[in-house]
$ cat target19.txt   # compact mmCIF, C-alpha atoms
# COMPACT_ATOMS: atom_id res chain seq x y z
CA GLY A 219 12.96 -4.86 11.53
CA ASP A 220 14.75 -7.61 9.61
CA THR A 221 15.87 -5.20 6.91
CA GLU A 222 19.29 -6.86 7.01
CA GLU A 223 19.51 -10.66 6.86
CA LEU A 224 22.21 -11.16 9.47
CA HIS A 225 21.39 -14.79 10.16
CA LYS A 226 22.98 -15.64 6.82
CA PHE A 227 25.38 -12.78 6.16
CA THR A 228 27.51 -10.21 7.94
CA TRP A 229 26.51 -6.57 7.96
CA HIS A 230 29.45 -5.68 5.69
CA GLN A 231 28.30 -8.23 3.11
CA VAL A 232 24.80 -6.79 3.13
CA PHE A 233 26.08 -3.20 2.96
CA ASN A 234 28.40 -3.89 0.02
CA ALA A 235 25.61 -5.61 -1.90
CA TRP A 236 23.08 -2.79 -1.35
CA LYS A 237 25.09 0.43 -1.32
CA ASN A 238 22.44 2.29 -3.31
CA ILE A 239 19.81 1.49 -0.69
CA TYR A 240 22.05 2.71 2.12
CA THR A 241 22.65 5.92 0.18
CA GLN A 242 18.90 6.50 0.34
CA PHE A 243 18.89 5.68 4.05
CA ASP A 244 21.66 8.25 4.54
CA LEU A 245 19.61 10.98 2.85
CA PHE A 246 16.72 10.39 5.24
CA ALA A 247 19.04 10.15 8.24
CA GLN A 248 20.72 13.46 7.39
CA ASN A 249 17.34 15.17 7.72
CA ASP A 250 16.56 13.31 10.95
CA LYS A 251 13.80 11.34 9.22
CA LEU A 252 14.99 7.79 9.78
CA ILE A 253 14.70 5.48 12.77
CA LYS A 254 15.45 1.79 12.30
CA THR A 255 13.81 -0.91 14.39
CA VAL A 256 15.47 -4.30 14.64
CA GLY A 257 13.92 -7.75 14.40
CA ASN A 258 15.19 -11.21 15.20
CA HIS A 259 17.23 -11.41 11.98
CA ASP A 260 19.04 -8.08 12.38
CA ALA A 261 19.13 -7.67 16.17
CA ARG A 262 22.94 -7.91 16.08
CA LEU A 263 23.12 -4.47 14.46
CA ILE A 264 22.77 -2.69 17.78
CA MET A 265 25.70 -4.63 19.27
CA ASP A 266 27.89 -4.93 16.18
CA LEU A 267 27.77 -1.27 15.16
CA LYS A 268 27.63 0.17 18.69
CA SER A 269 28.95 3.74 18.67
CA HIS A 270 29.63 3.56 14.91
CA ASN A 271 25.96 3.17 14.06
CA PRO A 272 25.04 5.84 11.46
CA TYR A 273 21.31 5.56 12.20
CA LYS A 274 18.99 5.95 15.14
CA MET A 275 18.08 2.43 16.11
CA ASP A 276 16.00 0.68 18.75
CA THR A 277 13.83 -2.36 19.37
CA VAL A 278 10.62 -0.37 19.96
CA ILE A 279 9.44 3.08 18.91
CA ARG A 280 6.70 4.72 20.98
CA ILE A 281 4.50 7.42 19.45
CA THR A 282 2.63 9.60 21.91
CA GLY A 283 0.36 12.62 21.65
CA LEU A 284 -2.80 10.62 20.91
CA ASP A 285 -5.39 9.24 23.32
CA TYR A 286 -3.52 5.92 23.40
CA PRO A 287 0.13 5.20 22.55
CA ILE A 288 1.32 3.58 19.33
CA LEU A 289 4.13 1.04 19.60
CA ILE A 290 6.15 0.15 16.50
CA TYR A 291 8.13 -3.06 16.89
CA HIS A 292 9.05 -6.11 14.86
CA GLY A 293 6.81 -8.58 16.70
CA HIS A 294 9.17 -11.45 17.50
CA GLN A 295 9.35 -10.18 21.08
CA VAL A 296 6.16 -12.05 22.01
CA SER A 297 8.00 -15.35 21.60
CA ALA A 298 10.38 -16.40 24.37
CA LEU A 299 12.00 -18.79 21.89
CA TYR A 300 13.15 -15.96 19.62
CA GLU A 301 14.29 -13.83 22.53
CA ARG A 302 16.33 -16.51 24.28
CA PHE A 303 17.76 -18.53 21.41
CA ASN A 304 18.14 -16.01 18.61
CA ASP A 305 21.95 -16.13 18.59
CA ILE A 306 21.91 -19.94 18.52
CA SER A 307 19.47 -19.80 15.61
CA ARG A 308 21.75 -17.38 13.76
CA LEU A 309 24.78 -19.64 14.16
CA GLY A 310 22.76 -22.66 13.07
CA VAL A 311 21.55 -20.95 9.91
CA ARG A 312 24.92 -19.50 8.92
CA TYR A 313 27.21 -22.43 9.68
CA PHE A 314 24.89 -25.41 9.26
CA ALA A 315 21.80 -24.71 7.16
CA MET A 316 23.46 -22.51 4.52
CA PRO A 317 26.44 -24.81 3.79
CA LEU A 318 24.02 -27.74 3.42
CA GLY A 319 21.71 -25.78 1.13
CA ILE A 320 18.74 -25.97 3.51
CA MET A 321 16.04 -23.50 2.56
CA ASN A 322 15.36 -20.52 4.79
CA TYR A 323 12.45 -20.94 7.19
CA SER A 324 10.56 -18.36 9.18
CA VAL A 325 7.28 -17.96 11.00
CA ALA A 326 5.96 -16.19 7.89
CA HIS A 327 5.79 -19.57 6.13
CA ASP A 328 3.76 -21.32 8.83
CA SER A 329 0.09 -20.32 9.06
CA ARG A 330 -0.45 -21.73 12.54
CA LYS A 331 2.62 -20.08 14.07
CA ARG A 332 1.81 -16.83 12.31
CA HIS A 333 -1.75 -16.96 13.62
CA TYR A 334 -0.53 -17.76 17.14
CA MET A 335 1.89 -14.81 17.26
CA GLU A 336 -0.60 -12.36 15.78
CA LYS A 337 -3.22 -13.41 18.30
CA ARG A 338 -0.80 -12.91 21.22
CA ILE A 339 0.05 -9.41 20.01
CA TYR A 340 -3.62 -8.62 19.43
CA ASN A 341 -4.62 -9.76 22.93
CA TYR A 342 -1.73 -7.84 24.49
CA SER A 343 -2.59 -4.66 22.58
CA ARG A 344 -6.25 -4.90 23.47
CA ARG A 345 -5.56 -5.55 27.14
CA GLU A 346 -3.04 -2.70 27.47
CA GLN A 347 -5.04 -0.31 25.25
CA ILE A 348 -2.26 0.37 22.78
CA VAL A 349 -1.92 0.24 19.01
CA SER A 350 0.75 -2.21 17.83
CA ILE A 351 2.38 -1.82 14.43
CA ILE A 352 4.41 -4.92 13.59
CA GLY A 353 6.04 -6.90 10.79
CA HIS A 354 7.61 -10.34 11.39
CA THR A 355 4.81 -12.54 10.00
CA HIS A 356 4.86 -10.79 6.58
CA ARG A 357 1.04 -10.80 6.47
CA PRO A 358 -0.51 -7.35 5.94
CA LEU A 359 -3.13 -6.67 8.59
CA PHE A 360 -5.23 -3.55 8.86
CA GLU A 361 -7.44 -2.86 11.89
CA SER A 362 -6.47 -6.37 13.09
CA LEU A 363 -8.10 -7.90 10.00
CA SER A 364 -6.66 -9.72 7.00
CA MET A 365 -7.62 -8.62 3.50
CA ALA A 366 -10.10 -11.49 3.11
CA GLU A 367 -11.83 -10.66 6.40
CA THR A 368 -12.12 -7.00 5.45
CA LEU A 369 -13.56 -7.80 2.03
CA ARG A 370 -16.15 -10.13 3.56
CA PHE A 371 -17.21 -7.45 6.05
CA ARG A 372 -17.54 -4.91 3.25
CA ILE A 373 -19.66 -7.25 1.13
CA GLU A 374 -21.94 -8.04 4.10
CA ASN A 375 -22.37 -4.34 4.82
CA LEU A 376 -23.28 -3.62 1.20
CA LEU A 377 -25.80 -6.47 1.16
CA ASN A 378 -27.48 -5.04 4.26
CA ARG A 379 -27.74 -1.61 2.60
CA TYR A 380 -28.96 -3.01 -0.72
CA GLY A 381 -32.53 -3.82 0.39
CA LYS A 382 -33.32 -0.24 1.45
CA ALA A 383 -31.45 1.50 -1.36
CA THR A 384 -33.05 3.45 -4.21
CA PRO A 385 -32.88 1.92 -7.72
CA GLU A 386 -30.02 4.25 -8.65
CA LYS A 387 -28.11 3.44 -5.47
CA LYS A 388 -28.66 -0.28 -6.00
CA LEU A 389 -26.74 -0.09 -9.27
CA GLU A 390 -23.79 1.49 -7.44
CA ILE A 391 -23.92 -1.13 -4.69
CA GLU A 392 -24.09 -3.96 -7.24
CA LYS A 393 -20.96 -2.62 -8.90
CA GLU A 394 -19.12 -2.38 -5.56
CA ILE A 395 -20.14 -5.92 -4.58
CA THR A 396 -18.92 -7.25 -7.93
CA GLU A 397 -15.55 -5.52 -7.50
CA TYR A 398 -15.09 -6.66 -3.89
CA ARG A 399 -16.05 -10.22 -4.83
CA ALA A 400 -13.50 -10.17 -7.65
CA ASP A 401 -10.86 -8.87 -5.23
CA LEU A 402 -11.69 -11.65 -2.77
CA ILE A 403 -11.41 -14.34 -5.45
CA THR A 404 -8.13 -12.87 -6.69
CA TRP A 405 -6.72 -12.69 -3.16
CA ARG A 406 -7.56 -16.34 -2.52
CA THR A 407 -6.20 -17.66 -5.82
CA ARG A 408 -2.90 -15.84 -5.29
CA LYS A 409 -2.13 -17.63 -2.04
CA HIS A 410 0.40 -20.43 -2.41
CA ARG A 411 -0.46 -21.99 0.93
CA PRO A 412 -3.79 -22.42 2.71
CA ASP A 413 -4.22 -19.82 5.41
CA LEU A 414 -6.31 -19.99 8.54
CA GLN A 415 -9.77 -18.66 7.85
CA SER A 416 -10.58 -17.61 11.39
CA GLY A 417 -9.70 -14.19 12.71
CA ILE A 418 -7.23 -13.48 15.46
CA TYR A 419 -10.01 -12.33 17.76
CA GLU A 420 -12.60 -14.36 19.60
CA LYS A 421 -15.44 -15.61 17.43
CA ASP A 422 -18.22 -13.67 19.13
CA ASP A 423 -16.19 -10.55 19.85
CA ILE A 424 -16.03 -7.25 17.98
CA PRO A 425 -12.61 -6.91 16.32
CA LEU A 426 -10.70 -3.99 17.77
CA PRO A 427 -8.38 -2.01 15.44
CA CYS A 428 -5.40 -2.26 17.78
CA MET A 429 -2.95 -4.17 15.56
CA PHE A 430 -1.56 -3.34 12.14
CA ASN A 431 1.01 -5.31 10.15
CA SER A 432 3.02 -3.65 7.40
CA GLY A 433 3.48 -6.90 5.46
CA ALA A 434 6.82 -7.24 3.68
CA VAL A 435 9.21 -5.50 1.30
CA ILE A 436 10.47 -8.75 -0.23
CA GLY A 437 7.31 -9.91 -2.00
CA LYS A 438 7.32 -10.85 -5.68
CA ARG A 439 4.54 -8.37 -6.37
CA GLY A 440 6.13 -5.33 -4.74
CA ILE A 441 6.19 -3.70 -1.33
CA THR A 442 3.44 -3.37 1.24
CA CYS A 443 3.84 -0.83 4.01
CA LEU A 444 1.95 1.34 6.46
CA GLU A 445 1.93 5.12 6.23
CA LEU A 446 0.89 7.40 9.09
CA THR A 447 0.32 10.96 7.94
CA ARG A 448 -2.15 13.81 8.43
CA GLY A 449 -4.17 11.97 11.03
CA LYS A 450 -4.65 8.84 8.93
CA ILE A 451 -3.10 5.40 8.73
CA ARG A 452 -2.92 3.72 5.33
CA LEU A 453 -1.95 0.30 4.04
CA MET A 454 -0.06 0.89 0.80
CA HIS A 455 1.17 -1.29 -2.04
CA TRP A 456 4.12 -0.07 -4.13
CA PHE A 457 4.98 -1.93 -7.34
CA ASP A 458 6.57 -1.37 -10.74
CA ASP A 459 5.23 -1.85 -14.25
CA LYS A 460 6.66 -5.37 -14.41
CA THR A 461 4.18 -6.53 -11.80
CA GLU A 462 1.09 -8.26 -13.12
CA GLU A 463 -1.18 -6.16 -10.99
CA GLN A 464 -4.94 -6.35 -11.46
CA TYR A 465 -5.41 -2.73 -10.41
CA LEU A 466 -3.44 -1.49 -13.39
CA HIS A 467 -6.24 -2.74 -15.60
CA ARG A 468 -9.04 -1.15 -13.61
CA SER A 469 -9.98 2.45 -13.07
CA THR A 470 -9.38 3.28 -9.44
CA ARG A 471 -8.99 6.58 -7.65
CA ASN A 472 -6.64 4.97 -5.14
CA LEU A 473 -3.89 4.26 -7.67
CA LYS A 474 -1.21 6.84 -8.39
CA THR A 475 1.64 6.53 -10.85
CA LEU A 476 4.88 8.34 -10.12
CA PRO A 477 6.51 10.57 -12.76
CA GLY A 478 8.12 8.37 -15.38
CA GLY A 479 5.23 5.92 -15.40
CA ARG A 480 7.18 2.99 -13.99
CA ILE A 481 6.41 3.02 -10.25
CA HIS A 482 2.87 2.79 -8.91
CA ARG A 483 1.44 3.54 -5.47
CA LEU A 484 -1.85 1.90 -4.52
CA GLU A 485 -3.81 2.69 -1.39
CA LEU A 486 -5.35 -0.58 -0.23
CA ARG A 487 -7.06 0.64 2.94
CA GLN A 488 -7.19 3.66 5.20
CA ALA A 489 -8.63 4.78 8.52
CA SER A 490 -8.47 7.94 10.56
CA MET A 491 -6.51 7.79 13.79
CA SER A 492 -9.49 9.34 15.58
CA TYR A 493 -11.52 6.28 14.54
CA VAL A 494 -8.80 3.98 15.89
CA MET A 495 -8.56 5.89 19.17
CA ASN A 496 -12.35 6.04 19.63
CA SER A 497 -12.58 2.29 19.02
CA LEU A 498 -9.99 1.65 21.72
CA ARG A 499 -11.85 3.88 24.15
CA LEU A 500 -15.34 2.49 23.52
CA LEU A 501 -14.72 -1.19 22.76
CA SER A 502 -11.75 -2.31 24.85

$ encode --input "target19.txt" --output "structure tokens"
Amino acid sequence: GDTEELHKFTWHQVFNAWKNIYTQFDLFAQNDKLIKTVGNHDARLIMDLKSHNPYKMDTVIRITGLDYPILIYHGHQVSALYERFNDISRLGVRYFAMPLGIMNYSVAHDSRKRHYMEKRIYNYSRREQIVSIIGHTHRPLFESLSMAETLRFRIENLLNRYGKATPEKKLEIEKEITEYRADLITWRTRKHRPDLQSGIYEKDDIPLPCMFNSGAVIGKRGITCLELTRGKIRLMHWFDDKTEEQYLHRSTRNLKTLPGGRIHRLELRQASMSYVMNSLRLLS
């Protein structure tokens, strides 16, 4: 959702500015490989295009065939404010904020609101035993955890294994700990605003992998997205050679460069869907 910024612009303005992107959308749609979900900023698409809509479009996509369903939706639906006053917000942005030069504001820029919405979605998903894949807050989440939380868990796990490891294995673990610690420091220094350090789950509870967030496609350092294929879910980072990306300077088996050498695809994290389903069954 929120592919088109319709709070500020009309659909025709967006289309005319990004014709090359829509050409790519058309290629996927022709092969029945494209379904668009709408968010609070592009919800008008369903009404404005109506029968002239060239793409399959809905507010929620439900994937079945697994032990528990997967719901793909933008995420603003958990807020009654967005649902009830979205049109008023759109008019305010387009005819008041934009003419006055007021900067755009969204929940993605407010740590507390972002945390509140993510926690509501997490609690709902856990209670209903579903997997939610969202966007909205622009914060990549994998297995309901932020990158910092995941790195801390990995470091703790390695430290627990270190004491019983053989001398040869200890060298491998030391290298992994050094790399994860460097990643954690880099992740923290990149943040422009302080983020909440606590998780979205209760302090003494086991985090359940029932919520995933794709992040955003408008970041300065490239695109983050989620890929579901061959029984696995992956958090990916796509970027070009202009991005000052630390992983370009390190040997990693998770980094692939597309033909031409300009576009790079980095796998940040992955999990099997059987692991996700088993966690829902045994922990919820």

$ atom_distance --input "target19.txt" --atom1 "CA of Gly433 (chain A)" --atom2 "CA of Gly353 (chain A)"
5.9 Å

$ residues_around --input "target19.txt" --residues "region 479-492 of chain A" --least-positions-apart "6" --cutoff "8 Å" --atoms "all atoms listed in the file" --output "PyMOL selection string"
chain A and resi 360+449-459+472-473

$ closest_residue --input "target19.txt" --among "A:Tyr291, A:Tyr240, A:Trp229, A:Tyr398" --to "Tyr273 (chain A)" --atoms "all atoms listed in the file"
A:Tyr240

$ atom_distance --input "target19.txt" --atom1 "CA of Ile288 (chain A)" --atom2 "CA of Ile351 (chain A)"
7.4 Å

$ atom_distance --input "target19.txt" --atom1 "CA of Ser350 (chain A)" --atom2 "CA of Leu500 (chain A)"
17.7 Å

$ closest_residue --input "target19.txt" --among "A:Val256, A:Leu245, A:Leu426, A:Leu376" --to "His354 (chain A)" --atoms "all atoms listed in the file"
A:Val256
